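Text of the file run05.csv, holding CSV, C-alpha atoms:
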chain,number,residue,atom,x,y,z
A,1,MET,CA,5.2,-22.2,-22.3
A,2,GLU,CA,6.2,-20.1,-25.2
A,3,PHE,CA,7.9,-16.7,-24.7
A,4,ARG,CA,8.2,-13.8,-27.1
A,5,GLY,CA,11.7,-12.4,-27.6
A,6,LYS,CA,15.0,-13.4,-26.0
A,7,ILE,CA,15.1,-15.0,-22.6
A,8,ASP,CA,17.9,-14.7,-20.1
A,9,PRO,CA,19.5,-18.2,-19.8
A,10,ASP,CA,20.1,-17.8,-16.1
A,11,LEU,CA,16.5,-16.9,-15.5
A,12,LEU,CA,15.2,-19.7,-17.7
A,13,SER,CA,17.3,-22.2,-15.7
A,14,ALA,CA,15.6,-21.0,-12.5
A,15,VAL,CA,12.1,-21.6,-13.8
A,16,SER,CA,10.5,-24.7,-12.4
A,17,LEU,CA,9.5,-27.4,-14.8
A,18,PHE,CA,6.1,-27.3,-13.1
A,19,TRP,CA,5.4,-23.9,-14.8
A,20,LEU,CA,7.0,-24.8,-18.1
A,21,ARG,CA,4.7,-27.8,-18.5
A,22,ALA,CA,1.6,-25.8,-17.7
A,23,GLN,CA,-0.8,-24.4,-20.3
A,24,PRO,CA,0.7,-21.1,-21.4
A,25,PRO,CA,-1.4,-17.9,-20.9
A,26,THR,CA,-2.9,-16.2,-23.9
A,27,ALA,CA,-2.0,-12.8,-25.1
A,28,GLN,CA,-5.3,-11.5,-23.8
A,29,GLU,CA,-4.6,-12.8,-20.3
A,30,HIS,CA,-1.1,-11.2,-20.4
A,31,PHE,CA,-2.7,-7.9,-21.5
A,32,ALA,CA,-5.5,-8.1,-18.8
A,33,MET,CA,-2.9,-8.8,-16.1
A,34,GLY,CA,-0.7,-5.8,-17.2
A,35,LEU,CA,-3.7,-3.5,-17.3
A,36,ALA,CA,-4.9,-4.6,-13.8
A,37,TYR,CA,-1.4,-3.9,-12.4
A,38,ILE,CA,-1.4,-0.4,-14.0
A,39,CYS,CA,-4.7,0.4,-12.3
A,40,MET,CA,-3.4,-0.9,-9.0
A,41,MET,CA,-0.1,1.0,-9.3
A,42,ILE,CA,-2.0,4.3,-10.0
A,43,LEU,CA,-4.3,3.8,-7.0
A,44,GLY,CA,-1.6,2.7,-4.7
A,45,ILE,CA,0.9,5.4,-5.5
A,46,THR,CA,-1.9,8.1,-5.2
A,47,GLY,CA,-3.1,6.9,-1.8
A,48,ASN,CA,0.3,6.3,-0.2
A,49,SER,CA,1.8,9.5,-1.7
A,50,LEU,CA,-1.1,11.5,-0.4
A,51,VAL,CA,-0.5,10.1,3.1
A,52,ILE,CA,3.2,10.9,3.1
A,53,TYR,CA,2.5,14.4,1.7
A,54,MET,CA,0.0,15.2,4.3
A,55,PHE,CA,2.3,14.0,7.0
A,56,CYS,CA,5.1,16.2,5.8
A,57,ARG,CA,2.8,19.2,5.3
A,58,CYS,CA,0.8,19.2,8.5
A,59,ARG,CA,2.5,19.3,11.9
A,60,SER,CA,-0.7,18.2,13.6
A,61,LEU,CA,-0.4,14.8,12.0
A,62,ARG,CA,3.1,14.2,13.3
A,63,THR,CA,1.9,12.4,16.4
A,64,PRO,CA,3.7,9.3,17.8
A,65,SER,CA,0.9,6.9,16.8
A,66,ASN,CA,1.0,8.2,13.2
A,67,ILE,CA,4.6,7.2,12.8
A,68,PHE,CA,3.4,3.6,12.1
A,69,VAL,CA,0.9,4.9,9.5
A,70,ILE,CA,3.7,6.7,7.7
A,71,ASN,CA,5.9,3.6,7.9
A,72,LEU,CA,3.1,1.6,6.4
A,73,ALA,CA,2.7,4.1,3.6
A,74,LEU,CA,6.4,4.0,2.8
A,75,SER,CA,6.5,0.2,2.7
A,76,ASP,CA,3.4,0.1,0.5
A,77,LEU,CA,4.8,2.7,-1.8
A,78,GLY,CA,7.9,0.5,-2.1
A,79,MET,CA,5.6,-2.4,-3.1
A,80,MET,CA,4.2,-0.2,-5.8
A,81,ALA,CA,7.7,0.7,-7.1
A,82,LYS,CA,8.3,-2.9,-8.3
A,83,ILE,CA,5.1,-3.2,-10.3
A,84,PRO,CA,6.5,-1.7,-13.5
A,85,VAL,CA,8.6,-5.0,-13.8
A,86,VAL,CA,5.5,-7.2,-14.0
A,87,ILE,CA,3.7,-4.7,-16.3
A,88,TYR,CA,6.6,-4.7,-18.8
A,89,ASN,CA,6.9,-8.4,-18.7
A,90,SER,CA,3.2,-8.9,-19.2
A,91,PHE,CA,3.1,-6.7,-22.3
A,92,HIS,CA,6.1,-8.7,-23.6
A,93,HIS,CA,4.5,-12.1,-22.8
A,94,GLY,CA,7.4,-13.3,-20.6
A,95,PRO,CA,10.4,-12.4,-18.5
A,96,ALA,CA,11.8,-9.7,-20.7
A,97,LEU,CA,13.8,-8.0,-18.0
A,98,GLY,CA,16.0,-10.9,-17.1
A,99,ALA,CA,17.3,-12.6,-13.9
A,100,LEU,CA,18.5,-9.5,-12.1
A,101,ALA,CA,15.1,-7.8,-12.3
A,102,CYS,CA,13.5,-11.1,-11.1
A,103,ARG,CA,15.6,-11.2,-8.0
A,104,LEU,CA,15.1,-7.5,-7.2
A,105,TYR,CA,11.4,-7.9,-7.8
A,106,GLY,CA,11.2,-10.8,-5.4
A,107,PHE,CA,13.4,-9.2,-2.8
A,108,ILE,CA,11.5,-5.9,-2.8
A,109,GLY,CA,8.2,-7.7,-2.6
A,110,GLY,CA,9.4,-9.9,0.3
A,111,LEU,CA,10.8,-6.9,2.1
A,112,THR,CA,8.0,-4.5,1.7
A,113,GLY,CA,5.3,-7.1,2.2
A,114,THR,CA,6.8,-8.3,5.5
A,115,VAL,CA,7.3,-4.7,6.6
A,116,SER,CA,3.6,-4.0,5.9
A,117,ILE,CA,2.5,-7.1,7.9
A,118,GLY,CA,4.8,-6.2,10.8
A,119,THR,CA,3.6,-2.5,10.7
A,120,LEU,CA,0.0,-3.6,10.8
A,121,THR,CA,0.8,-5.8,13.8
A,122,ALA,CA,2.6,-2.9,15.5
A,123,ILE,CA,-0.4,-0.7,14.9
A,124,ALA,CA,-2.7,-3.3,16.5
A,125,ILE,CA,-0.4,-3.7,19.5
A,126,GLU,CA,0.0,0.1,20.0
A,127,ARG,CA,-3.8,0.6,19.8
A,128,TYR,CA,-4.3,-2.3,22.2
A,129,HIS,CA,-2.0,-0.8,24.8
A,130,VAL,CA,-3.5,2.7,24.5
A,131,ILE,CA,-7.1,1.7,24.7
A,132,VAL,CA,-7.0,-1.3,27.1
A,133,TYR,CA,-4.2,0.1,29.3
A,134,PRO,CA,-4.5,3.9,28.9
A,135,LEU,CA,-2.8,4.8,32.2
A,136,SER,CA,0.2,2.5,31.9
A,137,SER,CA,0.8,2.8,28.1
A,138,GLN,CA,4.0,4.5,27.1
A,139,ARG,CA,4.0,6.1,23.7
A,140,SER,CA,7.3,7.8,23.5
A,141,VAL,CA,8.7,8.5,20.0
A,142,ALA,CA,11.9,6.6,20.9
A,143,HIS,CA,10.0,3.4,21.7
A,144,LEU,CA,8.0,3.6,18.5
A,145,ARG,CA,11.1,4.2,16.4
A,146,ILE,CA,12.7,1.2,18.0
A,147,ALA,CA,9.7,-0.8,17.0
A,148,ILE,CA,9.9,0.4,13.4
A,149,VAL,CA,13.6,-0.5,13.2
A,150,PHE,CA,12.8,-3.9,14.5
A,151,VAL,CA,10.1,-4.4,11.9
A,152,TRP,CA,12.5,-3.5,9.1
A,153,LEU,CA,15.3,-5.7,10.4
A,154,TYR,CA,12.8,-8.6,10.9
A,155,ALA,CA,11.6,-8.2,7.3
A,156,LEU,CA,15.2,-7.8,6.0
A,157,PHE,CA,16.2,-11.1,7.7
A,158,PHE,CA,13.5,-13.2,6.0
A,159,SER,CA,13.6,-11.4,2.6
A,160,GLY,CA,17.4,-11.4,2.5
A,161,ILE,CA,17.9,-15.2,2.9
A,162,PRO,CA,16.5,-16.1,-0.5
A,163,LEU,CA,18.4,-13.2,-2.1
A,164,LEU,CA,21.7,-14.7,-0.8
A,165,ASP,CA,20.8,-18.1,-2.3
A,166,ILE,CA,22.4,-20.1,0.5
A,167,GLY,CA,20.3,-23.2,0.1
A,168,LEU,CA,17.2,-22.0,2.0
A,169,GLY,CA,15.4,-20.9,-1.1
A,170,ARG,CA,15.7,-18.2,-3.7
A,171,TYR,CA,13.6,-15.8,-5.8
A,172,VAL,CA,12.4,-17.5,-9.0
A,173,PRO,CA,9.7,-16.8,-11.6
A,174,GLU,CA,6.2,-18.1,-10.9
A,175,GLY,CA,2.8,-18.3,-12.6
A,176,TYR,CA,2.9,-16.6,-16.0
A,177,ILE,CA,6.7,-16.2,-15.6
A,178,THR,CA,6.2,-12.4,-15.5
A,179,CYS,CA,6.8,-12.0,-11.8
A,180,CYS,CA,9.0,-13.6,-9.1
A,181,SER,CA,8.6,-14.8,-5.6
A,182,PHE,CA,9.9,-17.4,-3.1
A,183,ASP,CA,10.7,-20.7,-4.6
A,184,TYR,CA,7.9,-22.6,-2.9
A,185,LEU,CA,8.2,-25.4,-5.5
A,186,ASN,CA,11.7,-26.3,-4.3
A,187,PRO,CA,11.7,-30.0,-3.2
A,188,THR,CA,14.7,-29.8,-0.9
A,189,PRO,CA,14.0,-30.2,2.9
A,190,ARG,CA,15.9,-27.0,3.8
A,191,ALA,CA,13.9,-24.9,1.5
A,192,LYS,CA,10.6,-26.3,2.8
A,193,ILE,CA,11.7,-25.7,6.4
A,194,PHE,CA,12.5,-22.1,5.6
A,195,LEU,CA,9.0,-21.6,4.0
A,196,VAL,CA,7.3,-23.2,7.0
A,197,VAL,CA,9.2,-21.0,9.4
A,198,TYR,CA,8.5,-17.9,7.3
A,199,PHE,CA,4.8,-18.8,7.1
A,200,VAL,CA,4.6,-19.1,10.9
A,201,CYS,CA,6.5,-15.8,11.5
A,202,ALA,CA,4.9,-13.7,8.8
A,203,TRP,CA,1.4,-15.0,8.8
A,204,CYS,CA,0.4,-17.1,11.8
A,205,VAL,CA,1.9,-14.9,14.5
A,206,PRO,CA,0.8,-11.5,13.0
A,207,PHE,CA,-2.7,-12.7,12.3
A,208,CYS,CA,-3.2,-14.1,15.8
A,209,THR,CA,-1.7,-10.9,17.3
A,210,ILE,CA,-3.9,-8.6,15.2
A,211,ALA,CA,-7.1,-10.6,15.8
A,212,TYR,CA,-6.4,-10.7,19.6
A,213,CYS,CA,-5.6,-7.0,19.9
A,214,TYR,CA,-8.6,-5.8,18.1
A,215,MET,CA,-11.0,-8.2,19.8
A,216,GLN,CA,-9.7,-7.0,23.2
A,217,ILE,CA,-10.1,-3.4,22.0
A,218,LEU,CA,-13.7,-4.1,21.1
A,219,ARG,CA,-14.3,-5.7,24.4
A,220,ALA,CA,-12.8,-2.8,26.3
A,221,VAL,CA,-14.8,-0.2,24.5
A,222,ALA,CA,-18.0,-2.2,25.0
A,223,PHE,CA,-17.3,-2.5,28.7
A,224,THR,CA,-16.6,1.3,29.0
A,225,ASN,CA,-19.8,2.1,27.2
A,226,ARG,CA,-21.8,0.0,29.7
A,227,LEU,CA,-20.3,1.9,32.6
A,228,GLN,CA,-21.0,5.3,31.0
A,229,CYS,CA,-24.6,4.3,30.0
A,230,SER,CA,-24.2,6.4,26.8
A,231,LYS,CA,-27.3,6.9,24.7
A,232,ASP,CA,-25.4,6.0,21.6
A,233,ARG,CA,-23.8,2.9,23.1
A,234,ASN,CA,-25.2,0.3,20.8
A,235,LYS,CA,-24.4,2.5,17.7
A,236,THR,CA,-20.8,3.0,18.8
A,237,GLU,CA,-20.3,-0.7,19.5
A,238,LEU,CA,-21.7,-1.7,16.2
A,239,LYS,CA,-19.6,0.8,14.3
A,240,LEU,CA,-16.4,-0.3,16.1
A,241,ALA,CA,-17.3,-4.0,15.5
A,242,ALA,CA,-17.7,-3.2,11.8
A,243,VAL,CA,-14.3,-1.5,11.7
A,244,VAL,CA,-12.6,-4.3,13.6
A,245,PHE,CA,-14.2,-6.9,11.3
A,246,GLY,CA,-13.1,-4.9,8.2
A,247,ILE,CA,-9.5,-4.6,9.4
A,248,ILE,CA,-9.1,-8.3,10.2
A,249,ALA,CA,-11.0,-9.3,7.0
A,250,LEU,CA,-8.8,-7.1,4.8
A,251,TRP,CA,-5.6,-8.5,6.2
A,252,PHE,CA,-6.9,-12.1,6.0
A,253,ILE,CA,-8.3,-11.8,2.4
A,254,ALA,CA,-5.1,-10.1,1.1
A,255,TRP,CA,-2.5,-12.5,2.5
A,256,THR,CA,-4.2,-15.9,3.1
A,257,PRO,CA,-4.6,-17.0,-0.5
A,258,TYR,CA,-0.9,-16.5,-1.2
A,259,ALA,CA,0.0,-18.3,2.0
A,260,ILE,CA,-2.1,-21.2,0.8
A,261,VAL,CA,-0.4,-21.3,-2.5
A,262,ALA,CA,3.0,-21.4,-0.8
A,263,LEU,CA,1.9,-24.3,1.4
A,264,LEU,CA,0.5,-26.2,-1.6
A,265,GLY,CA,3.8,-25.7,-3.3
A,266,ILE,CA,5.8,-27.5,-0.6
A,267,SER,CA,3.2,-30.2,-0.1
A,268,LYS,CA,2.2,-33.2,-2.1
A,269,TYR,CA,-0.9,-31.2,-3.4
A,270,ARG,CA,1.1,-29.0,-5.7
A,271,SER,CA,-0.7,-30.4,-8.7
A,272,LEU,CA,-3.7,-28.2,-7.7
A,273,LEU,CA,-1.7,-25.2,-8.6
A,274,THR,CA,-2.1,-23.4,-11.9
A,275,PRO,CA,-0.4,-20.3,-13.4
A,276,PHE,CA,-3.5,-18.3,-12.9
A,277,GLY,CA,-4.1,-19.8,-9.5
A,278,SER,CA,-0.7,-18.4,-8.4
A,279,MET,CA,-1.0,-15.0,-10.1
A,280,LEU,CA,-4.3,-14.1,-8.6
A,281,PRO,CA,-3.2,-14.5,-4.9
A,282,ALA,CA,0.0,-12.5,-5.7
A,283,PHE,CA,-2.2,-9.8,-7.1
A,284,PHE,CA,-4.4,-9.8,-3.9
A,285,CYS,CA,-1.3,-9.3,-1.8
A,286,LYS,CA,-0.5,-6.1,-3.6
A,287,THR,CA,-4.1,-4.8,-3.4
A,288,ALA,CA,-3.6,-4.6,0.4
A,289,ALA,CA,-0.8,-2.0,-0.4
A,290,CYS,CA,-3.5,0.0,-2.3
A,291,LEU,CA,-6.2,-0.2,0.4
A,292,ASN,CA,-4.0,0.3,3.5
A,293,PRO,CA,-3.7,4.1,3.1
A,294,TYR,CA,-7.4,4.5,2.8
A,295,VAL,CA,-8.2,2.2,5.7
A,296,TYR,CA,-5.5,3.2,8.2
A,297,ALA,CA,-4.9,6.9,7.3
A,298,LEU,CA,-7.7,8.5,5.2
A,299,THR,CA,-10.4,7.1,7.5
A,300,HIS,CA,-8.6,8.8,10.4
A,301,PRO,CA,-10.6,11.9,11.6
A,302,ARG,CA,-7.6,14.2,11.7
A,303,PHE,CA,-6.3,13.1,8.3
A,304,ARG,CA,-9.8,13.8,6.9
A,305,GLN,CA,-9.9,17.2,8.5
A,306,GLU,CA,-6.5,18.2,7.1
A,307,ILE,CA,-7.3,16.9,3.6
A,308,GLN,CA,-10.5,18.9,3.7
A,309,ARG,CA,-8.6,22.0,4.8
A,310,MET,CA,-6.1,21.5,2.1
A,311,PHE,CA,-8.7,21.3,-0.7
A,312,MET,CA,-10.6,24.2,0.7
A,313,SER,CA,-7.4,26.3,0.8
A,314,PHE,CA,-6.7,25.3,-2.8
A,315,GLY,CA,-10.3,26.3,-3.7
A,316,LYS,CA,-9.9,29.7,-1.9
A,317,LYS,CA,-6.6,30.3,-3.7
A,318,LYS,CA,-8.2,29.6,-7.1
A,319,ASN,CA,-11.1,31.9,-6.3
A,320,LEU,CA,-8.7,34.6,-5.1
A,321,GLN,CA,-6.7,34.3,-8.2
A,322,TYR,CA,-9.8,34.5,-10.3
A,323,VAL,CA,-11.0,37.6,-8.5
A,324,THR,CA,-7.6,39.2,-8.7
A,325,SER,CA,-7.2,38.5,-12.4
A,326,PHE,CA,-10.8,39.7,-13.0
A,327,THR,CA,-10.1,42.9,-11.0
A,328,ARG,CA,-6.8,43.4,-12.8
A,329,GLY,CA,-8.6,42.9,-16.1
A,330,ALA,CA,-11.3,45.3,-15.3
A,331,THR,CA,-8.8,47.9,-14.0
A,332,THR,CA,-6.7,47.5,-17.2
A,333,ARG,CA,-9.8,47.9,-19.4
A,334,ARG,CA,-10.8,51.0,-17.5
A,335,ILE,CA,-7.3,52.6,-17.8
A,336,VAL,CA,-7.2,51.8,-21.5
A,337,ARG,CA,-10.7,53.3,-22.0
A,338,GLU,CA,-9.8,56.5,-20.1
A,339,PHE,CA,-6.5,56.7,-22.0
A,340,THR,CA,-8.3,56.3,-25.3
A,341,ILE,CA,-10.9,59.0,-24.4
A,342,SER,CA,-8.2,61.4,-23.4
A,343,GLU,CA,-6.4,60.9,-26.7
A,344,GLU,CA,-9.6,61.6,-28.6
A,345,HIS,CA,-10.0,64.8,-26.7
A,346,GLN,CA,-6.5,65.8,-27.4
A,347,GLN,CA,-7.0,65.2,-31.1
A,348,GLU,CA,-10.2,67.3,-31.2
A,349,GLU,CA,-8.4,70.2,-29.5
A,350,THR,CA,-5.5,70.0,-32.0
A,351,LEU,CA,-7.9,70.1,-34.9
A,352,GLN,CA,-9.7,73.1,-33.5
So, in terms of structure tokens, how does the structure I just supplied come out?
Amino acid sequence: MEFRGKIDPDLLSAVSLFWLRAQPPTAQEHFAMGLAYICMMILGITGNSLVIYMFCRCRSLRTPSNIFVINLALSDLGMMAKIPVVIYNSFHHGPALGALACRLYGFIGGLTGTVSIGTLTAIAIERYHVIVYPLSSQRSVAHLRIAIVFVWLYALFFSGIPLLDIGLGRYVPEGYITCCSFDYLNPTPRAKIFLVVYFVCAWCVPFCTIAYCYMQILRAVAFTNRLQCSKDRNKTELKLAAVVFGIIALWFIAWTPYAIVALLGISKYRSLLTPFGSMLPAFFCKTAACLNPYVYALTHPRFRQEIQRMFMSFGKKKNLQYVTSFTRGATTRRIVREFTISEEHQQEETLQ
């Protein structure tokens, strides 16, 4: 590959020969990738910031179950915070920000990505207990906060090991050499073992848990509707089935391609990898951080109601300001007109 500008020697030594021998991306590909990340960052920051703002603004949203939604928005917002690094590098056709930015980029991505996966799993488990076992479920704030702390410590453990560079992997450039991630091309057995363990703990276990919880939720709701003999039973079951399928499909589509790339990197089939083939799955991972606030928060009935109220109140304030300014303007014009007329009368009396 050819790079534009000066390259940090420490960073260049960490780049795998596999990427250096690959066909370099064109300037148009770099520009397209940077532009795509800009659009993603705007969408993700807007959605997650809106969720956090609504939570801080509305007391009715500060329920125990919504604590997970806010934690998800915070982790996804952290994921968006690292995107300027890849945007800057893309427009400079290479790793212009150096080795330190690469390590921070990889660490933040590993931390927030794992927190998001853990939070989605916690949301599924919490909904499972509430719906399947409504009488025995305990939803105290203390229990939920402990779960959130566990998710962050869990993510910090797996994302901190490559940052420490203790022989179990490290954060290195990948693909177009404009972003960094786990060193899944490291041939050492210890690095491969770490990636396999991380794959099981951060993909296999969460996916199986999420799928099981939502399928049990669907089963419980379908059983309840049969007992109630509701007229809209089939419609409710189909709607819930669509939501469940969408949640599982979004999670699977967002994270599975990158998991496959990492597994190919530690296997004998690494020759199937290409720079673009690694950049596209990494992009998909971050799209989940953009869509999560809309799927898990903005589709929530209470969130929608509060957002509608907020925009309606803004509209009323604008109308009130317009009416007030119009009234003030009319009053001012009337006073000026009366003052002018009185002055004219005074002038006529003086002349007479």
My list of candidates is A:Ala122, A:Ile67, A:Leu168, A:Val295. Which is closest to Asp183 (chain A) when distances are computed with all atoms listed in the file?
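Closest to Asp183 (chain A) of all the choices is A:Leu168.
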Contact residues around Gly113 (chain A) with all atoms listed in the file at 8 Å, ignoring same-chain residues under 6 positions, as a ChimeraX atom specification
/A:75-76,79
For Tyr105 (chain A), which of A:Ser313, A:Thr178, A:Gln28, A:Gln216 is the closest residue, counting only C-alpha atoms?
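Closest residue, counting only C-alpha atoms: A:Thr178.
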Hey, what's within 9 Å of region 11-18 of chain A if we count all atoms listed in the file and toss same-chain stuff fewer than 6 positions away? As a list in words, please?
Pro95, Gly98, Ala99, Leu100, Cys102, Tyr171, Val172, Pro173, Glu174, Ile177, Asp183, Leu185, Asn186 and Ser271 of chain A
For region 278-291 of chain A, work out the shell of residues within 6 Å, counting all atoms listed in the file and skipping chain neighbours fewer than 4 positions away, then give it as a PyMOL selection string.
chain A and resi 44+76+175+254-255+257-258
One number please: CA of Cys39 (chain A) to CA of Gly160 (chain A), in Å, one decimal.
29.1 Å
Nearest residue to Arg127 (chain A) from the set A:Thr209, A:Leu111, A:Ile161, A:Arg21 (distances using only C-alpha atoms):
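The closest residue to Arg127 (chain A) is A:Thr209.
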Check the smallest atom-to-atom distance from each of A:Tyr128, A:Tyr184, A:Phe91, A:Phe55 to Arg270 (chain A) using all atoms listed in the file, then report the winner.
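Using all atoms listed in the file, Arg270 (chain A) sits closest to A:Tyr184.
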For Ile108 (chain A), work out the shell of residues within 12 Å, counting all atoms listed in the file and skipping chain neighbours fewer than 2 positions away, then give it as a VMD selection string.
chain A and resid 75 to 83 85 101 to 106 110 to 116 155 to 156 158 to 160 162 to 163 171 179 to 182
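Put simply, CA of Leu72 (chain A) is 21.8 Å away from CA of Met215 (chain A).
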